[in-house]
>>> print(open('model-v1.pdb').read())   # PDB, C-alpha atoms and all ligand atoms
ATOM      1  CA  MET A   1      -4.808  -2.454  17.780  1.00  0.00           C
ATOM      2  CA  ILE A   2      -4.075  -3.212  14.143  1.00  0.00           C
ATOM      3  CA  ILE A   3      -6.569  -2.685  11.325  1.00  0.00           C
ATOM      4  CA  ALA A   4      -5.227  -4.103   8.053  1.00  0.00           C
ATOM      5  CA  LEU A   5      -6.576  -3.543   4.544  1.00  0.00           C
ATOM      6  CA  ASP A   6      -5.396  -5.301   1.403  1.00  0.00           C
ATOM      7  CA  GLY A   7      -6.519  -5.192  -2.196  1.00  0.00           C
ATOM      8  CA  PRO A   8      -5.447  -4.390  -5.742  1.00  0.00           C
ATOM      9  CA  ALA A   9      -4.297  -0.987  -7.027  1.00  0.00           C
ATOM     10  CA  GLY A  10      -7.051   1.598  -7.160  1.00  0.00           C
ATOM     11  CA  ALA A  11      -9.545  -0.194  -4.906  1.00  0.00           C
ATOM     12  CA  GLY A  12      -9.515   2.807  -2.559  1.00  0.00           C
ATOM     13  CA  LYS A  13      -7.320   1.319   0.196  1.00  0.00           C
ATOM     14  CA  SER A  14      -5.111   4.356   0.801  1.00  0.00           C
ATOM     15  CA  THR A  15      -7.918   6.883   0.987  1.00  0.00           C
ATOM     16  CA  VAL A  16     -10.062   4.642   3.173  1.00  0.00           C
ATOM     17  CA  ALA A  17      -7.196   3.594   5.476  1.00  0.00           C
ATOM     18  CA  ARG A  18      -6.059   7.187   5.916  1.00  0.00           C
ATOM     19  CA  ALA A  19      -9.598   8.283   6.801  1.00  0.00           C
ATOM     20  CA  VAL A  20     -10.068   5.417   9.276  1.00  0.00           C
ATOM     21  CA  ALA A  21      -6.710   6.267  10.905  1.00  0.00           C
ATOM     22  CA  ASP A  22      -7.762   9.919  11.198  1.00  0.00           C
ATOM     23  CA  ARG A  23     -11.111   9.034  12.741  1.00  0.00           C
ATOM     24  CA  LEU A  24      -9.606   6.645  15.286  1.00  0.00           C
ATOM     25  CA  ASN A  25      -6.464   8.688  15.877  1.00  0.00           C
ATOM     26  CA  LEU A  26      -4.239   5.774  14.889  1.00  0.00           C
ATOM     27  CA  THR A  27      -1.026   5.748  12.863  1.00  0.00           C
ATOM     28  CA  PHE A  28      -1.433   5.169   9.121  1.00  0.00           C
ATOM     29  CA  LEU A  29       1.077   2.986   7.270  1.00  0.00           C
ATOM     30  CA  ASP A  30       1.188   2.879   3.449  1.00  0.00           C
ATOM     31  CA  THR A  31       3.284  -0.245   2.757  1.00  0.00           C
ATOM     32  CA  GLY A  32       3.231   0.330  -1.012  1.00  0.00           C
ATOM     33  CA  ALA A  33       5.114   3.608  -0.436  1.00  0.00           C
ATOM     34  CA  MET A  34       8.004   1.584   1.021  1.00  0.00           C
ATOM     35  CA  TYR A  35       8.249  -0.686  -2.045  1.00  0.00           C
ATOM     36  CA  ARG A  36       7.981   2.408  -4.220  1.00  0.00           C
ATOM     37  CA  GLY A  37      10.728   4.128  -2.173  1.00  0.00           C
ATOM     38  CA  LEU A  38      13.024   1.161  -2.602  1.00  0.00           C
ATOM     39  CA  THR A  39      12.301   1.018  -6.348  1.00  0.00           C
ATOM     40  CA  LEU A  40      12.997   4.735  -6.730  1.00  0.00           C
ATOM     41  CA  ALA A  41      16.306   4.365  -4.877  1.00  0.00           C
ATOM     42  CA  ALA A  42      17.267   1.406  -7.095  1.00  0.00           C
ATOM     43  CA  LEU A  43      16.542   3.394 -10.254  1.00  0.00           C
ATOM     44  CA  GLN A  44      18.408   6.450  -8.965  1.00  0.00           C
ATOM     45  CA  ARG A  45      21.454   4.285  -8.266  1.00  0.00           C
ATOM     46  CA  GLY A  46      21.310   2.833 -11.774  1.00  0.00           C
ATOM     47  CA  LEU A  47      20.579  -0.712 -10.535  1.00  0.00           C
ATOM     48  CA  ASP A  48      19.010  -3.157 -12.957  1.00  0.00           C
ATOM     49  CA  PRO A  49      15.560  -4.038 -11.501  1.00  0.00           C
ATOM     50  CA  LEU A  50      16.109  -7.569 -12.846  1.00  0.00           C
ATOM     51  CA  ASP A  51      19.243  -7.915 -10.686  1.00  0.00           C
ATOM     52  CA  GLU A  52      17.682  -9.631  -7.686  1.00  0.00           C
ATOM     53  CA  ALA A  53      20.844  -9.732  -5.559  1.00  0.00           C
ATOM     54  CA  ALA A  54      21.451  -5.994  -5.999  1.00  0.00           C
ATOM     55  CA  CYS A  55      17.822  -5.167  -5.152  1.00  0.00           C
ATOM     56  CA  VAL A  56      17.929  -7.357  -2.029  1.00  0.00           C
ATOM     57  CA  GLN A  57      21.199  -5.791  -0.888  1.00  0.00           C
ATOM     58  CA  LEU A  58      19.726  -2.329  -1.330  1.00  0.00           C
ATOM     59  CA  ALA A  59      16.568  -3.330   0.579  1.00  0.00           C
ATOM     60  CA  ASN A  60      18.748  -4.374   3.519  1.00  0.00           C
ATOM     61  CA  GLU A  61      20.885  -1.224   3.457  1.00  0.00           C
ATOM     62  CA  LEU A  62      18.328   1.457   2.722  1.00  0.00           C
ATOM     63  CA  GLU A  63      16.666   3.385   5.521  1.00  0.00           C
ATOM     64  CA  LEU A  64      12.935   3.553   4.819  1.00  0.00           C
ATOM     65  CA  SER A  65      11.072   5.588   7.404  1.00  0.00           C
ATOM     66  CA  PHE A  66       8.133   7.956   7.710  1.00  0.00           C
ATOM     67  CA  GLY A  67       8.290  11.645   8.612  1.00  0.00           C
ATOM     68  CA  GLU A  68       6.045  13.610  10.947  1.00  0.00           C
ATOM     69  CA  ASP A  69       3.823  14.210   7.918  1.00  0.00           C
ATOM     70  CA  GLY A  70       3.311  10.452   7.536  1.00  0.00           C
ATOM     71  CA  LEU A  71       5.116  10.432   4.164  1.00  0.00           C
ATOM     72  CA  VAL A  72       7.879   7.986   3.297  1.00  0.00           C
ATOM     73  CA  ARG A  73      11.517   9.034   3.606  1.00  0.00           C
ATOM     74  CA  ILE A  74      14.356   7.272   1.821  1.00  0.00           C
ATOM     75  CA  ASP A  75      17.643   7.574   3.685  1.00  0.00           C
ATOM     76  CA  GLY A  76      16.119  10.675   5.261  1.00  0.00           C
ATOM     77  CA  GLN A  77      15.059  12.253   1.938  1.00  0.00           C
ATOM     78  CA  ALA A  78      11.424  12.888   0.930  1.00  0.00           C
ATOM     79  CA  GLY A  79      10.117  10.155  -1.383  1.00  0.00           C
ATOM     80  CA  GLU A  80       7.040  11.999  -2.640  1.00  0.00           C
ATOM     81  CA  PRO A  81       6.174  12.791  -5.361  1.00  0.00           C
ATOM     82  CA  ASP A  82       8.866  10.848  -7.239  1.00  0.00           C
ATOM     83  CA  ILE A  83       7.767   7.469  -5.835  1.00  0.00           C
ATOM     84  CA  ARG A  84       4.498   7.913  -7.796  1.00  0.00           C
ATOM     85  CA  SER A  85       6.227   8.473 -11.159  1.00  0.00           C
ATOM     86  CA  ALA A  86       5.298   6.335 -14.167  1.00  0.00           C
ATOM     87  CA  THR A  87       8.754   4.722 -14.182  1.00  0.00           C
ATOM     88  CA  VAL A  88       8.503   3.662 -10.544  1.00  0.00           C
ATOM     89  CA  THR A  89       4.936   2.396 -11.079  1.00  0.00           C
ATOM     90  CA  LEU A  90       6.144   0.354 -14.029  1.00  0.00           C
ATOM     91  CA  THR A  91       9.050  -1.200 -12.105  1.00  0.00           C
ATOM     92  CA  VAL A  92       7.760  -1.638  -8.553  1.00  0.00           C
ATOM     93  CA  SER A  93       6.023  -4.995  -9.111  1.00  0.00           C
ATOM     94  CA  THR A  94       9.319  -6.502 -10.320  1.00  0.00           C
ATOM     95  CA  VAL A  95      11.367  -5.248  -7.370  1.00  0.00           C
ATOM     96  CA  SER A  96       8.696  -6.089  -4.773  1.00  0.00           C
ATOM     97  CA  ALA A  97       8.401  -9.693  -5.997  1.00  0.00           C
ATOM     98  CA  TYR A  98      11.875 -10.725  -4.715  1.00  0.00           C
ATOM     99  CA  ARG A  99      11.747 -12.759  -1.534  1.00  0.00           C
ATOM    100  CA  GLY A 100      14.785 -11.061   0.028  1.00  0.00           C
ATOM    101  CA  VAL A 101      13.302  -7.656  -0.702  1.00  0.00           C
ATOM    102  CA  ARG A 102      10.024  -8.643   0.939  1.00  0.00           C
ATOM    103  CA  ASP A 103      11.775 -10.081   4.007  1.00  0.00           C
ATOM    104  CA  ALA A 104      13.665  -6.809   4.546  1.00  0.00           C
ATOM    105  CA  VAL A 105      10.670  -4.531   3.964  1.00  0.00           C
ATOM    106  CA  VAL A 106       8.249  -6.663   6.001  1.00  0.00           C
ATOM    107  CA  SER A 107      10.600  -6.622   8.978  1.00  0.00           C
ATOM    108  CA  LYS A 108      10.694  -2.797   8.833  1.00  0.00           C
ATOM    109  CA  GLN A 109       6.883  -2.762   8.684  1.00  0.00           C
ATOM    110  CA  ARG A 110       6.630  -4.995  11.757  1.00  0.00           C
ATOM    111  CA  GLU A 111       9.066  -2.748  13.628  1.00  0.00           C
ATOM    112  CA  ILE A 112       6.799   0.191  12.868  1.00  0.00           C
ATOM    113  CA  GLY A 113       3.771  -1.811  14.026  1.00  0.00           C
ATOM    114  CA  LEU A 114       5.483  -2.584  17.326  1.00  0.00           C
ATOM    115  CA  SER A 115       6.502   1.018  17.896  1.00  0.00           C
ATOM    116  CA  VAL A 116       2.996   2.526  17.941  1.00  0.00           C
ATOM    117  CA  PRO A 117      -0.086   1.875  20.077  1.00  0.00           C
ATOM    118  CA  GLY A 118      -2.414   1.465  17.105  1.00  0.00           C
ATOM    119  CA  LEU A 119      -2.057   1.151  13.357  1.00  0.00           C
ATOM    120  CA  VAL A 120      -4.116   1.248  10.194  1.00  0.00           C
ATOM    121  CA  VAL A 121      -2.031  -0.433   7.514  1.00  0.00           C
ATOM    122  CA  GLU A 122      -2.729  -1.076   3.850  1.00  0.00           C
ATOM    123  CA  GLY A 123      -1.073  -2.970   1.015  1.00  0.00           C
ATOM    124  CA  ARG A 124      -1.123  -6.371  -0.672  1.00  0.00           C
ATOM    125  CA  ASP A 125      -0.002  -8.755   2.096  1.00  0.00           C
ATOM    126  CA  THR A 126      -0.673  -6.872   5.328  1.00  0.00           C
ATOM    127  CA  THR A 127      -3.566  -9.182   6.313  1.00  0.00           C
ATOM    128  CA  THR A 128      -1.835 -12.399   5.234  1.00  0.00           C
ATOM    129  CA  VAL A 129       1.897 -11.999   5.935  1.00  0.00           C
ATOM    130  CA  VAL A 130       2.870  -8.786   7.698  1.00  0.00           C
ATOM    131  CA  PHE A 131       0.194  -8.672  10.406  1.00  0.00           C
ATOM    132  CA  PRO A 132      -1.754 -11.956  10.184  1.00  0.00           C
ATOM    133  CA  GLU A 133      -2.656 -11.391  13.845  1.00  0.00           C
ATOM    134  CA  ALA A 134      -4.371  -8.038  13.078  1.00  0.00           C
ATOM    135  CA  GLU A 135      -7.629  -7.656  15.012  1.00  0.00           C
ATOM    136  CA  TYR A 136      -9.499  -6.357  11.968  1.00  0.00           C
ATOM    137  CA  LYS A 137      -8.891  -7.351   8.364  1.00  0.00           C
ATOM    138  CA  PHE A 138     -10.516  -6.103   5.185  1.00  0.00           C
ATOM    139  CA  PHE A 139     -10.078  -6.922   1.516  1.00  0.00           C
ATOM    140  CA  LEU A 140     -11.119  -4.092  -0.790  1.00  0.00           C
ATOM    141  CA  VAL A 141     -11.939  -4.786  -4.422  1.00  0.00           C
ATOM    142  CA  ALA A 142     -13.420  -2.928  -7.399  1.00  0.00           C
ATOM    143  CA  SER A 143     -13.624  -3.665 -11.104  1.00  0.00           C
ATOM    144  CA  PRO A 144     -10.495  -2.834 -13.139  1.00  0.00           C
ATOM    145  CA  THR A 145     -12.398  -0.238 -15.179  1.00  0.00           C
ATOM    146  CA  GLU A 146     -13.637   1.557 -12.093  1.00  0.00           C
ATOM    147  CA  ARG A 147     -10.173   1.464 -10.548  1.00  0.00           C
ATOM    148  CA  ALA A 148      -8.623   2.912 -13.695  1.00  0.00           C
ATOM    149  CA  ARG A 149     -11.282   5.633 -13.826  1.00  0.00           C
ATOM    150  CA  ARG A 150     -10.598   6.614 -10.194  1.00  0.00           C
ATOM    151  CA  ARG A 151      -6.823   6.680 -10.683  1.00  0.00           C
ATOM    152  CA  ALA A 152      -7.229   8.850 -13.789  1.00  0.00           C
ATOM    153  CA  ALA A 153      -9.458  11.308 -11.895  1.00  0.00           C
ATOM    154  CA  GLN A 154      -7.100  11.362  -8.893  1.00  0.00           C
ATOM    155  CA  GLU A 155      -4.071  12.083 -11.052  1.00  0.00           C
ATOM    156  CA  ASP A 156      -5.871  14.443 -13.452  1.00  0.00           C
ATOM    157  CA  ARG A 157      -5.171  12.103 -16.393  1.00  0.00           C
ATOM    158  CA  GLU A 158      -8.714  11.522 -17.656  1.00  0.00           C
ATOM    159  CA  ASP A 159      -7.492  11.219 -21.251  1.00  0.00           C
ATOM    160  CA  GLU A 160      -5.195   8.320 -20.268  1.00  0.00           C
ATOM    161  CA  VAL A 161      -7.773   5.930 -18.743  1.00  0.00           C
ATOM    162  CA  ASP A 162      -6.940   3.169 -21.223  1.00  0.00           C
ATOM    163  CA  MET A 163      -3.231   3.324 -20.460  1.00  0.00           C
ATOM    164  CA  ILE A 164      -3.928   3.333 -16.703  1.00  0.00           C
ATOM    165  CA  LEU A 165      -6.268   0.349 -17.131  1.00  0.00           C
ATOM    166  CA  ARG A 166      -3.550  -1.622 -18.903  1.00  0.00           C
ATOM    167  CA  ASP A 167      -1.076  -0.813 -16.115  1.00  0.00           C
ATOM    168  CA  ILE A 168      -3.588  -1.851 -13.445  1.00  0.00           C
ATOM    169  CA  GLU A 169      -4.247  -5.168 -15.209  1.00  0.00           C
ATOM    170  CA  ARG A 170      -0.525  -5.779 -15.629  1.00  0.00           C
ATOM    171  CA  ARG A 171       0.160  -5.085 -11.932  1.00  0.00           C
ATOM    172  CA  ASP A 172      -2.846  -7.214 -10.831  1.00  0.00           C
ATOM    173  CA  GLN A 173      -1.382 -10.088 -12.804  1.00  0.00           C
ATOM    174  CA  LEU A 174       2.118  -9.671 -11.329  1.00  0.00           C
ATOM    175  CA  ASP A 175       0.927  -9.040  -7.760  1.00  0.00           C
ATOM    176  CA  THR A 176      -1.475 -12.003  -7.666  1.00  0.00           C
ATOM    177  CA  THR A 177       0.772 -14.581  -9.333  1.00  0.00           C
ATOM    178  CA  ARG A 178       4.151 -13.904  -7.719  1.00  0.00           C
ATOM    179  CA  ALA A 179       5.660 -16.732  -5.689  1.00  0.00           C
ATOM    180  CA  HIS A 180       6.161 -14.796  -2.444  1.00  0.00           C
ATOM    181  CA  ALA A 181       3.251 -13.179  -0.594  1.00  0.00           C
ATOM    182  CA  PRO A 182       0.919 -12.849  -3.589  1.00  0.00           C
ATOM    183  CA  LEU A 183      -2.120 -10.608  -3.278  1.00  0.00           C
ATOM    184  CA  ARG A 184      -5.005 -12.717  -1.976  1.00  0.00           C
ATOM    185  CA  GLN A 185      -7.907 -12.371   0.398  1.00  0.00           C
ATOM    186  CA  ALA A 186      -7.148 -13.697   3.893  1.00  0.00           C
ATOM    187  CA  GLU A 187      -9.739 -16.242   5.034  1.00  0.00           C
ATOM    188  CA  ASP A 188     -10.748 -14.051   7.936  1.00  0.00           C
ATOM    189  CA  ALA A 189     -10.782 -10.746   6.004  1.00  0.00           C
ATOM    190  CA  ILE A 190     -14.085  -9.024   5.322  1.00  0.00           C
ATOM    191  CA  LEU A 191     -14.613  -8.442   1.590  1.00  0.00           C
ATOM    192  CA  ILE A 192     -15.724  -4.932   0.624  1.00  0.00           C
ATOM    193  CA  ASP A 193     -16.593  -4.206  -3.006  1.00  0.00           C
ATOM    194  CA  THR A 194     -16.055  -0.471  -3.446  1.00  0.00           C
ATOM    195  CA  ASP A 195     -17.569  -0.299  -6.965  1.00  0.00           C
ATOM    196  CA  SER A 196     -20.322   2.318  -6.978  1.00  0.00           C
ATOM    197  CA  ARG A 197     -19.626   3.138  -3.317  1.00  0.00           C
ATOM    198  CA  ASN A 198     -18.285   6.404  -2.037  1.00  0.00           C
ATOM    199  CA  ILE A 199     -15.312   6.545   0.310  1.00  0.00           C
ATOM    200  CA  ASP A 200     -17.364   7.781   3.277  1.00  0.00           C
ATOM    201  CA  SER A 201     -19.691   4.792   3.222  1.00  0.00           C
ATOM    202  CA  VAL A 202     -16.742   2.366   3.131  1.00  0.00           C
ATOM    203  CA  VAL A 203     -15.071   4.223   6.012  1.00  0.00           C
ATOM    204  CA  GLU A 204     -18.310   4.049   8.021  1.00  0.00           C
ATOM    205  CA  GLU A 205     -18.634   0.325   7.317  1.00  0.00           C
ATOM    206  CA  ILE A 206     -15.120  -0.295   8.635  1.00  0.00           C
ATOM    207  CA  LEU A 207     -15.672   1.897  11.693  1.00  0.00           C
ATOM    208  CA  ALA A 208     -18.895   0.014  12.410  1.00  0.00           C
ATOM    209  CA  CYS A 209     -17.003  -3.317  12.261  1.00  0.00           C
ATOM    210  CA  VAL A 210     -14.287  -1.979  14.516  1.00  0.00           C
ATOM    211  CA  GLY A 211     -16.984  -0.841  16.904  1.00  0.00           C
ATOM    212  CA  GLU A 212     -15.851   2.718  17.470  1.00  0.00           C
ATOM    213  CA  PRO A 213     -17.971   4.671  15.005  1.00  0.00           C
ATOM    214  CA  GLY A 214     -18.063   7.724  17.257  1.00  0.00           C
ATOM    215  CA  ALA A 215     -14.324   7.975  17.739  1.00  0.00           C
ATOM    216  CA  THR A 216     -12.745  11.287  16.851  1.00  0.00           C
ATOM    217  CA  GLY A 217      -9.156  12.399  16.527  1.00  0.00           C
ATOM    218  CA  SER A 218      -6.803  14.781  14.871  1.00  0.00           C
ATOM    219  CA  SER A 219      -5.143  13.753  11.628  1.00  0.00           C
ATOM    220  CA  ASP A 220      -1.961  15.604  12.694  1.00  0.00           C
ATOM    221  CA  GLU A 221      -1.302  13.155  15.453  1.00  0.00           C
ATOM    222  CA  ALA A 222      -2.618  10.170  13.520  1.00  0.00           C
ATOM    223  CA  SER A 223       0.034  10.090  10.834  1.00  0.00           C
ATOM    224  CA  ALA A 224       2.914  11.349  12.945  1.00  0.00           C
ATOM    225  CA  GLY A 225       5.918   9.591  14.281  1.00  0.00           C
ATOM    226  CA  VAL A 226       5.973   6.440  12.176  1.00  0.00           C
TER     227      VAL A 226
HETATM  228  O1  LIG B 301      -0.253   0.329  -3.287  1.00  0.00           O
HETATM  229  P1  LIG B 301       0.704   0.770  -4.378  1.00  0.00           P
HETATM  230  O2  LIG B 301       0.085   0.792  -5.736  1.00  0.00           O
HETATM  231  O3  LIG B 301       1.392   2.046  -4.047  1.00  0.00           O
HETATM  232  O4  LIG B 301       1.828  -0.373  -4.386  1.00  0.00           O
HETATM  233  C1  LIG B 301       2.851  -0.371  -5.332  1.00  0.00           C
HETATM  234  C2  LIG B 301       3.349  -1.782  -5.577  1.00  0.00           C
HETATM  235  O5  LIG B 301       4.038  -2.251  -4.423  1.00  0.00           O
HETATM  236  C3  LIG B 301       2.302  -2.824  -5.910  1.00  0.00           C
HETATM  237  O6  LIG B 301       2.060  -2.926  -7.304  1.00  0.00           O
HETATM  238  C4  LIG B 301       2.874  -4.097  -5.363  1.00  0.00           C
HETATM  239  C5  LIG B 301       3.807  -3.640  -4.270  1.00  0.00           C
HETATM  240  N1  LIG B 301       3.288  -3.871  -2.915  1.00  0.00           N
HETATM  241  C6  LIG B 301       3.507  -5.116  -2.386  1.00  0.00           C
HETATM  242  O7  LIG B 301       4.059  -5.986  -3.065  1.00  0.00           O
HETATM  243  N2  LIG B 301       3.127  -5.379  -1.105  1.00  0.00           N
HETATM  244  C7  LIG B 301       2.515  -4.445  -0.375  1.00  0.00           C
HETATM  245  N3  LIG B 301       2.159  -4.729   0.889  1.00  0.00           N
HETATM  246  C8  LIG B 301       2.250  -3.164  -0.917  1.00  0.00           C
HETATM  247  C9  LIG B 301       2.640  -2.916  -2.216  1.00  0.00           C
END
>>> encode(input="model-v1.pdb", output="structure tokens", more="lines below")
Ligand code: DC
Amino acid sequence: MIIALDGPAGAGKSTVARAVADRLNLTFLDTGAMYRGLTLAALQRGLDPLDEAACVQLANELELSFGEDGLVRIDGQAGEPDIRSATVTLTVSTVSAYRGVRDAVVSKQREIGLSVPGLVVEGRDTTTVVFPEAEYKFFLVASPTERARRRAAQEDREDEVDMILRDIERRDQLDTTRAHAPLRQAEDAILIDTDSRNIDSVVEEILACVGEPGATGSSDEASAGV
């Protein structure tokens, strides 16, 4: 079974997807972490993010996997927390827009999907391109101001809300207008506006759609072995 969630930065996808995976004892896959991992590796190697050919070559060579803890590994090395740095956040939309990069990363994501019995996956194109056949699809949205406020609270940067808002708007623009696999709602995805909603109620709504609201499971197993 595949449950796929897409939406813009800060709409709550990661938190919600992780919680749904825990509740249903399914594997959780954060596709953004893979693009961030690739971007971090490119920066560490001194590649120019505007050099498409170099980025595509790296995407084909790099080993992006997930550890037992469910966190991304880049050629076997832990990607967190560096993949969340301001520099990576600033650069990731450029690197992830290249077609060759997307082809390489999407094929790794499909391999992961095939290797597990059930998956909760989140990103920008998981409902439209990576797993268009997913049984359950959701599109999470929230206003840019609310998304910036949440990010600031999550990262303990309450005094930088304006800067975070500008970054969110910049990434929305890049992610929705790129030529390959732009962020958009799949026709058969259920729209969930998470503004003024708490995470638990969104998780319950998704579980109700999936039809297993009573399912339980351990988070240890859920994120392991990807
Ligand atoms: O979800 P995130 O903010 O960690 O994602 C970082 C960037 O990666 C995002 O700005 C666009 C890109 N991305 C993508 O192009 N496709 C995905 N499926 C997931 C993320």
>>> atom_distance(input="model-v1.pdb", atom1="CA of Ile3 (chain A)", atom2="CA of Thr39 (chain A)")
26.1 Å
>>> residues_near_ligand(input="model-v1.pdb", ligand="ligand LIG 301 (chain B)", cutoff="7 Å", atoms="all atoms listed in the file", output="mmCIF file with C-alpha atoms, in the coordinates of the input")
data_model
loop_
_atom_site.group_PDB
_atom_site.id
_atom_site.type_symbol
_atom_site.label_atom_id
_atom_site.label_comp_id
_atom_site.auth_asym_id
_atom_site.auth_seq_id
_atom_site.Cartn_x
_atom_site.Cartn_y
_atom_site.Cartn_z
ATOM 1 C CA ALA A 9 -4.297 -0.987 -7.027
ATOM 2 C CA THR A 31 3.284 -0.245 2.757
ATOM 3 C CA GLY A 32 3.231 0.330 -1.012
ATOM 4 C CA ALA A 33 5.114 3.608 -0.436
ATOM 5 C CA TYR A 35 8.249 -0.686 -2.045
ATOM 6 C CA ARG A 36 7.981 2.408 -4.220
ATOM 7 C CA THR A 89 4.936 2.396 -11.079
ATOM 8 C CA VAL A 92 7.760 -1.638 -8.553
ATOM 9 C CA SER A 93 6.023 -4.995 -9.111
ATOM 10 C CA SER A 96 8.696 -6.089 -4.773
ATOM 11 C CA ALA A 97 8.401 -9.693 -5.997
ATOM 12 C CA GLU A 122 -2.729 -1.076 3.850
ATOM 13 C CA GLY A 123 -1.073 -2.970 1.015
ATOM 14 C CA ARG A 124 -1.123 -6.371 -0.672
ATOM 15 C CA ASP A 125 -0.002 -8.755 2.096
ATOM 16 C CA THR A 126 -0.673 -6.872 5.328
ATOM 17 C CA ARG A 171 0.160 -5.085 -11.932
ATOM 18 C CA ASP A 175 0.927 -9.040 -7.760
#
>>> closest_atom_pairs(input="model-v1.pdb", of="region 54-152 of chain A", to="region 191-214 of chain A", cutoff="8 Å", atoms="only C-alpha atoms", output="JSON lines")
{"residue": "A:Tyr136", "atom": "CA", "partner": "A:Val210", "partner_atom": "CA", "distance": 7.0}
{"residue": "A:Phe138", "atom": "CA", "partner": "A:Leu191", "partner_atom": "CA", "distance": 5.9}
{"residue": "A:Phe139", "atom": "CA", "partner": "A:Leu191", "partner_atom": "CA", "distance": 4.8}
{"residue": "A:Leu140", "atom": "CA", "partner": "A:Ile192", "partner_atom": "CA", "distance": 4.9}
{"residue": "A:Val141", "atom": "CA", "partner": "A:Asp193", "partner_atom": "CA", "distance": 4.9}
{"residue": "A:Ala142", "atom": "CA", "partner": "A:Asp195", "partner_atom": "CA", "distance": 4.9}
{"residue": "A:Ser143", "atom": "CA", "partner": "A:Asp195", "partner_atom": "CA", "distance": 6.6}
{"residue": "A:Glu146", "atom": "CA", "partner": "A:Asp195", "partner_atom": "CA", "distance": 6.7}
>>> atom_distance(input="model-v1.pdb", atom1="CA of Glu135 (chain A)", atom2="CA of Met1 (chain A)")
6.5 Å
>>> residues_near_point(input="model-v1.pdb", point="(7.8, -7.9, -10.1)", cutoff="12 Å", atoms="only C-alpha atoms", output="ChimeraX atom specification")
/A:35-36,39,49-52,55,88-99,101-102,170-182
>>> residues_around(input="model-v1.pdb", residues="region 154-157 of chain A", least_positions_apart="2", cutoff="12 Å", atoms="all atoms listed in the file", output="ChimeraX atom specification")
/A:10,12,15,81,84-86,147-152,159-165
>>> atom_distance(input="model-v1.pdb", atom1="CA of Leu5 (chain A)", atom2="CA of Thr127 (chain A)")
6.6 Å
>>> closest_residue(input="model-v1.pdb", among="A:Val105, A:Leu29, A:Ala153, A:Val20", to="Leu62 (chain A)", atoms="all atoms listed in the file")
A:Val105
>>> resolve_selection(input="model-v1.pdb", expression="the PyMOL selection byres (((chain A and resi 133) around 12) and not hetatm)", output="list in words")
Met1, Ile2, Ile3, Ala4, Arg110, Gly113, Thr126, Thr127, Thr128, Val129, Val130, Phe131, Pro132, Ala134, Glu135, Tyr136, Lys137, Ala186, Asp188 and Ala189 of chain A
>>> write_last_selection(input="model-v1.pdb", atoms="C-alpha atoms", output="PDB file, in the frame of the given file")
ATOM      1  CA  MET A   1      -4.808  -2.454  17.780  1.00  0.00           C
ATOM      2  CA  ILE A   2      -4.075  -3.212  14.143  1.00  0.00           C
ATOM      3  CA  ILE A   3      -6.569  -2.685  11.325  1.00  0.00           C
ATOM      4  CA  ALA A   4      -5.227  -4.103   8.053  1.00  0.00           C
ATOM      5  CA  ARG A 110       6.630  -4.995  11.757  1.00  0.00           C
ATOM      6  CA  GLY A 113       3.771  -1.811  14.026  1.00  0.00           C
ATOM      7  CA  THR A 126      -0.673  -6.872   5.328  1.00  0.00           C
ATOM      8  CA  THR A 127      -3.566  -9.182   6.313  1.00  0.00           C
ATOM      9  CA  THR A 128      -1.835 -12.399   5.234  1.00  0.00           C
ATOM     10  CA  VAL A 129       1.897 -11.999   5.935  1.00  0.00           C
ATOM     11  CA  VAL A 130       2.870  -8.786   7.698  1.00  0.00           C
ATOM     12  CA  PHE A 131       0.194  -8.672  10.406  1.00  0.00           C
ATOM     13  CA  PRO A 132      -1.754 -11.956  10.184  1.00  0.00           C
ATOM     14  CA  ALA A 134      -4.371  -8.038  13.078  1.00  0.00           C
ATOM     15  CA  GLU A 135      -7.629  -7.656  15.012  1.00  0.00           C
ATOM     16  CA  TYR A 136      -9.499  -6.357  11.968  1.00  0.00           C
ATOM     17  CA  LYS A 137      -8.891  -7.351   8.364  1.00  0.00           C
ATOM     18  CA  ALA A 186      -7.148 -13.697   3.893  1.00  0.00           C
ATOM     19  CA  ASP A 188     -10.748 -14.051   7.936  1.00  0.00           C
ATOM     20  CA  ALA A 189     -10.782 -10.746   6.004  1.00  0.00           C
TER      21      ALA A 189
END
>>> closest_residue(input="model-v1.pdb", among="A:Thr145, A:Gln185, A:Asn60, A:Asn25", to="Val106 (chain A)", atoms="all atoms listed in the file")
A:Asn60
>>> closest_residue(input="model-v1.pdb", among="A:Leu183, A:Ile168, A:Val120, A:Leu58", to="Thr27 (chain A)", atoms="all atoms listed in the file")
A:Val120
>>> closest_residue(input="model-v1.pdb", among="A:Ile112, A:Ala104, A:Leu64, A:Leu71", to="Gly37 (chain A)", atoms="all atoms listed in the file")
A:Leu64
